[in-house]
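Dropping upload_12.txt in here (compact mmCIF, N, CA and C atoms):
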```
# COMPACT_ATOMS: atom_id res chain seq x y z
N MET G 21 54.64 164.02 205.04
CA MET G 21 53.75 163.45 206.02
C MET G 21 52.96 164.59 206.65
N ALA G 22 51.67 164.45 206.72
CA ALA G 22 50.81 165.47 207.30
C ALA G 22 50.84 165.40 208.82
N ARG G 23 50.61 166.53 209.46
CA ARG G 23 50.58 166.58 210.91
C ARG G 23 49.19 167.00 211.36
N ALA G 24 48.70 166.33 212.38
CA ALA G 24 47.41 166.67 212.95
C ALA G 24 47.56 167.89 213.84
N HIS G 25 46.52 168.73 213.86
CA HIS G 25 46.53 169.93 214.70
C HIS G 25 45.31 169.93 215.60
N GLY G 26 45.44 170.55 216.76
CA GLY G 26 44.31 170.73 217.64
C GLY G 26 43.85 169.45 218.31
N ALA G 27 42.51 169.28 218.36
CA ALA G 27 41.93 168.15 219.08
C ALA G 27 42.22 166.81 218.43
N ARG G 28 42.59 166.78 217.17
CA ARG G 28 42.85 165.52 216.47
C ARG G 28 44.30 165.04 216.60
N ALA G 29 45.15 165.83 217.21
CA ALA G 29 46.56 165.46 217.35
C ALA G 29 46.73 164.33 218.35
N GLN G 30 47.53 163.34 218.00
CA GLN G 30 47.85 162.22 218.89
C GLN G 30 49.36 161.97 218.84
N MET G 31 49.91 161.49 219.95
CA MET G 31 51.32 161.14 220.00
C MET G 31 51.45 159.74 220.56
N ALA G 32 52.15 158.87 219.86
CA ALA G 32 52.39 157.50 220.31
C ALA G 32 53.89 157.35 220.56
N LEU G 33 54.27 156.90 221.74
CA LEU G 33 55.67 156.74 222.12
C LEU G 33 55.94 155.29 222.51
N ALA G 34 57.19 154.86 222.29
CA ALA G 34 57.64 153.53 222.70
C ALA G 34 59.14 153.61 222.99
N PHE G 35 59.63 152.69 223.80
CA PHE G 35 61.05 152.63 224.12
C PHE G 35 61.80 151.83 223.06
N GLU G 36 63.02 152.25 222.77
CA GLU G 36 63.89 151.50 221.85
C GLU G 36 64.55 150.35 222.62
N THR G 37 64.60 149.18 222.01
CA THR G 37 65.35 148.09 222.63
C THR G 37 66.80 148.13 222.17
N VAL G 38 67.03 148.59 220.94
CA VAL G 38 68.38 148.77 220.40
C VAL G 38 68.48 150.21 219.92
N TYR G 39 69.54 150.91 220.35
CA TYR G 39 69.70 152.31 220.00
C TYR G 39 69.67 152.52 218.49
N GLY G 40 68.88 153.49 218.04
CA GLY G 40 68.81 153.84 216.63
C GLY G 40 67.85 152.99 215.82
N THR G 41 67.23 152.01 216.43
CA THR G 41 66.29 151.13 215.73
C THR G 41 64.87 151.46 216.20
N PRO G 42 63.97 151.84 215.29
CA PRO G 42 62.62 152.15 215.73
C PRO G 42 61.91 150.93 216.29
N PRO G 43 61.15 151.09 217.35
CA PRO G 43 60.43 149.96 217.94
C PRO G 43 59.35 149.44 217.00
N ALA G 44 59.16 148.14 216.96
CA ALA G 44 58.14 147.54 216.10
C ALA G 44 56.79 147.50 216.79
N SER G 45 56.78 147.45 218.11
CA SER G 45 55.51 147.39 218.85
C SER G 45 55.71 148.03 220.21
N GLY G 46 54.65 148.06 221.00
CA GLY G 46 54.73 148.60 222.34
C GLY G 46 54.42 150.09 222.41
N TYR G 47 53.81 150.65 221.38
CA TYR G 47 53.48 152.07 221.38
C TYR G 47 52.29 152.34 222.29
N ARG G 48 52.34 153.48 222.99
CA ARG G 48 51.24 153.92 223.85
C ARG G 48 50.88 155.35 223.49
N LEU G 49 49.59 155.66 223.46
CA LEU G 49 49.15 157.02 223.23
C LEU G 49 49.41 157.85 224.48
N ILE G 50 50.04 159.00 224.31
CA ILE G 50 50.41 159.87 225.41
C ILE G 50 49.72 161.23 225.21
N PRO G 51 49.04 161.74 226.24
CA PRO G 51 48.49 163.09 226.12
C PRO G 51 49.63 164.11 226.19
N PHE G 52 49.51 165.19 225.47
CA PHE G 52 50.54 166.22 225.49
C PHE G 52 49.90 167.59 225.31
N ALA G 53 50.60 168.61 225.80
CA ALA G 53 50.09 169.97 225.71
C ALA G 53 50.66 170.70 224.50
N ARG G 54 51.96 170.47 224.23
CA ARG G 54 52.62 171.21 223.15
C ARG G 54 53.86 170.44 222.71
N THR G 55 54.21 170.57 221.44
CA THR G 55 55.42 169.93 220.93
C THR G 55 56.07 170.81 219.87
N THR G 56 57.40 170.75 219.82
CA THR G 56 58.16 171.46 218.78
C THR G 56 59.09 170.49 218.06
N LEU G 57 58.73 169.21 218.03
CA LEU G 57 59.56 168.21 217.39
C LEU G 57 59.64 168.47 215.89
N GLY G 58 60.81 168.23 215.33
CA GLY G 58 60.97 168.40 213.89
C GLY G 58 62.35 167.97 213.45
N ALA G 59 62.52 167.83 212.15
CA ALA G 59 63.81 167.45 211.58
C ALA G 59 64.25 168.52 210.59
N GLU G 60 65.55 168.65 210.44
CA GLU G 60 66.11 169.65 209.54
C GLU G 60 67.34 169.07 208.86
N GLN G 61 67.51 169.37 207.59
CA GLN G 61 68.69 168.93 206.85
C GLN G 61 69.21 170.12 206.06
N PRO G 62 70.14 170.88 206.65
CA PRO G 62 70.64 172.07 205.97
C PRO G 62 71.53 171.71 204.78
N LEU G 63 71.79 172.70 203.95
CA LEU G 63 72.67 172.54 202.80
C LEU G 63 74.03 173.16 203.10
N LEU G 64 75.09 172.54 202.61
CA LEU G 64 76.46 173.04 202.77
C LEU G 64 77.00 173.44 201.41
N ASN G 65 77.77 174.52 201.40
CA ASN G 65 78.43 174.92 200.15
C ASN G 65 79.50 173.91 199.81
N SER G 66 79.62 173.57 198.55
CA SER G 66 80.63 172.61 198.12
C SER G 66 82.01 173.26 198.23
N GLU G 67 82.98 172.51 198.76
CA GLU G 67 84.34 173.02 198.93
C GLU G 67 85.28 172.57 197.83
N LEU G 68 84.76 171.87 196.82
CA LEU G 68 85.60 171.37 195.75
C LEU G 68 86.01 172.49 194.81
N LEU G 69 87.25 172.44 194.37
CA LEU G 69 87.78 173.43 193.43
C LEU G 69 88.13 172.75 192.12
N GLY G 70 88.33 173.54 191.06
CA GLY G 70 88.78 172.99 189.80
C GLY G 70 87.68 172.82 188.77
N TYR G 71 86.52 173.40 189.00
CA TYR G 71 85.42 173.30 188.05
C TYR G 71 85.07 174.65 187.43
N GLY G 72 86.01 175.56 187.38
CA GLY G 72 85.76 176.87 186.79
C GLY G 72 85.25 177.87 187.81
N ARG G 73 84.66 178.96 187.30
CA ARG G 73 84.22 180.04 188.17
C ARG G 73 82.90 179.76 188.87
N ASP G 74 82.03 178.97 188.27
CA ASP G 74 80.72 178.71 188.85
C ASP G 74 80.85 177.70 189.99
N PRO G 75 80.28 178.03 191.16
CA PRO G 75 80.34 177.06 192.27
C PRO G 75 79.47 175.85 191.98
N LEU G 76 79.85 174.74 192.56
CA LEU G 76 79.04 173.52 192.43
C LEU G 76 77.78 173.63 193.28
N ALA G 77 76.82 172.79 192.98
CA ALA G 77 75.57 172.78 193.75
C ALA G 77 75.85 172.40 195.20
N PRO G 78 75.09 172.96 196.14
CA PRO G 78 75.31 172.60 197.55
C PRO G 78 75.00 171.14 197.81
N ILE G 79 75.61 170.62 198.87
CA ILE G 79 75.39 169.22 199.26
C ILE G 79 74.60 169.20 200.57
N LYS G 80 73.92 168.07 200.84
CA LYS G 80 73.11 167.95 202.04
C LYS G 80 73.97 167.62 203.25
N ASP G 81 73.67 168.29 204.36
CA ASP G 81 74.34 168.03 205.63
C ASP G 81 73.59 166.93 206.37
N ALA G 82 74.04 166.58 207.54
CA ALA G 82 73.40 165.53 208.35
C ALA G 82 72.02 166.00 208.81
N VAL G 83 71.12 165.05 208.97
CA VAL G 83 69.77 165.35 209.46
C VAL G 83 69.83 165.49 210.97
N THR G 84 69.27 166.58 211.48
CA THR G 84 69.19 166.77 212.92
C THR G 84 67.72 166.79 213.31
N ALA G 85 67.37 165.97 214.28
CA ALA G 85 65.99 165.92 214.79
C ALA G 85 66.02 166.33 216.24
N ASP G 86 65.26 167.36 216.58
CA ASP G 86 65.22 167.80 217.96
C ASP G 86 63.92 168.53 218.23
N GLY G 87 63.74 168.93 219.45
CA GLY G 87 62.54 169.65 219.86
C GLY G 87 62.16 169.28 221.27
N GLU G 88 61.03 169.80 221.70
CA GLU G 88 60.54 169.58 223.04
C GLU G 88 59.12 169.05 223.01
N VAL G 89 58.75 168.30 224.05
CA VAL G 89 57.39 167.82 224.23
C VAL G 89 56.98 168.17 225.65
N VAL G 90 55.85 168.82 225.81
CA VAL G 90 55.32 169.17 227.13
C VAL G 90 54.17 168.21 227.43
N VAL G 91 54.35 167.40 228.49
CA VAL G 91 53.33 166.41 228.87
C VAL G 91 52.87 166.71 230.29
N PRO G 92 51.66 166.30 230.65
CA PRO G 92 51.20 166.47 232.03
C PRO G 92 52.08 165.67 232.99
N ILE G 93 52.32 166.19 234.16
CA ILE G 93 53.23 165.56 235.12
C ILE G 93 52.66 164.26 235.68
N ASP G 94 51.36 164.07 235.70
CA ASP G 94 50.78 162.85 236.26
C ASP G 94 50.83 161.66 235.32
N VAL G 95 51.29 161.84 234.10
CA VAL G 95 51.41 160.73 233.15
C VAL G 95 52.71 160.04 233.48
```

Let's see the structure in the file written out as structure tokens.
Amino acid sequence: MARAHGARAQMALAFETVYGTPPASGYRLIPFARTTLGAEQPLLNSELLGYGRDPLAPIKDAVTADGEVVVPIDV
């Protein structure tokens, strides 16, 4: 997914009615100064033994999404 930069960047926020479920409607455009939002999914070394000397391919860890958003105080 591409991200807009500079004057073309927009952020739309909405409240969740049920935790973990993305809202279907009710989004509002919010002005913002800076954001560091992002997601990461690191790799873990496989701990399984018994497949010879070569280690197995790494497995995916849980996705973590975090960051900060700086918005004007009057919003």

Which of G:Gly87, G:Ile79, G:Tyr39, G:Ala29 sits closest to Phe52 in chain G [using only C-alpha atoms]
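Ranked by minimum distance to Phe52 in chain G, first place goes to G:Ala29.
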
Point-to-point distance from CA of Leu68 in chain G to atom N of Asp81 in chain G, Å rounded to tenths
15.0 Å

Need the neighbours of (69.1, 162.0, 210.4): which residues are at most 8 Å away, counting only N, CA and C atoms, as a list in words?
Ala59, Glu60, Gln61, Asp81, Ala82, Val83, Thr84 and Ala85 of chain G

Would you work out the distance separating atom C of Glu88 in chain G from atom C of Phe35 in chain G, expressed in Å to one decimal?
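Computing the Euclidean distance for atom C of Glu88 in chain G and atom C of Phe35 in chain G yields 17.4 Å.
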
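Computed from the coordinates, the atom N of Thr55 in chain G to atom N of Val91 in chain G distance equals 7.7 Å.
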
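The nearest approach to Leu57 in chain G among the residues G:Val89, G:Arg28, G:Glu36, G:Pro75, with all atoms listed in the file taken into account, belongs to G:Val89.
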
For Asn65 in chain G, find every residue with an atom within 8 Å (counting all atoms listed in the file), except residues of its own chain fewer than 2 positions away, and show them as a ChimeraX atom specification.
/G:62-63,67-68,76-80

Go ahead and write the residues just picked, N, CA and C atoms, as a PDB file, keeping the file's coordinate frame.
```
ATOM      1  N   PRO G  62      70.140 170.880 206.650  1.00  0.00           N
ATOM      2  CA  PRO G  62      70.640 172.070 205.970  1.00  0.00           C
ATOM      3  C   PRO G  62      71.530 171.710 204.780  1.00  0.00           C
ATOM      4  N   LEU G  63      71.790 172.700 203.950  1.00  0.00           N
ATOM      5  CA  LEU G  63      72.670 172.540 202.800  1.00  0.00           C
ATOM      6  C   LEU G  63      74.030 173.160 203.100  1.00  0.00           C
ATOM      7  N   GLU G  67      82.980 172.510 198.760  1.00  0.00           N
ATOM      8  CA  GLU G  67      84.340 173.020 198.930  1.00  0.00           C
ATOM      9  C   GLU G  67      85.280 172.570 197.830  1.00  0.00           C
ATOM     10  N   LEU G  68      84.760 171.870 196.820  1.00  0.00           N
ATOM     11  CA  LEU G  68      85.600 171.370 195.750  1.00  0.00           C
ATOM     12  C   LEU G  68      86.010 172.490 194.810  1.00  0.00           C
ATOM     13  N   LEU G  76      79.850 174.740 192.560  1.00  0.00           N
ATOM     14  CA  LEU G  76      79.040 173.520 192.430  1.00  0.00           C
ATOM     15  C   LEU G  76      77.780 173.630 193.280  1.00  0.00           C
ATOM     16  N   ALA G  77      76.820 172.790 192.980  1.00  0.00           N
ATOM     17  CA  ALA G  77      75.570 172.780 193.750  1.00  0.00           C
ATOM     18  C   ALA G  77      75.850 172.400 195.200  1.00  0.00           C
ATOM     19  N   PRO G  78      75.090 172.960 196.140  1.00  0.00           N
ATOM     20  CA  PRO G  78      75.310 172.600 197.550  1.00  0.00           C
ATOM     21  C   PRO G  78      75.000 171.140 197.810  1.00  0.00           C
ATOM     22  N   ILE G  79      75.610 170.620 198.870  1.00  0.00           N
ATOM     23  CA  ILE G  79      75.390 169.220 199.260  1.00  0.00           C
ATOM     24  C   ILE G  79      74.600 169.200 200.570  1.00  0.00           C
ATOM     25  N   LYS G  80      73.920 168.070 200.840  1.00  0.00           N
ATOM     26  CA  LYS G  80      73.110 167.950 202.040  1.00  0.00           C
ATOM     27  C   LYS G  80      73.970 167.620 203.250  1.00  0.00           C
TER      28      LYS G  80
END
```

As a list in words, please: the residues near Leu33 in chain G (cut-off 6.5 Å, only N, CA and C atoms, same-chain neighbours under 5 positions excluded).
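The residues satisfying every condition are Gly46, Tyr47, Arg48, Leu49 and Ile50 of chain G.
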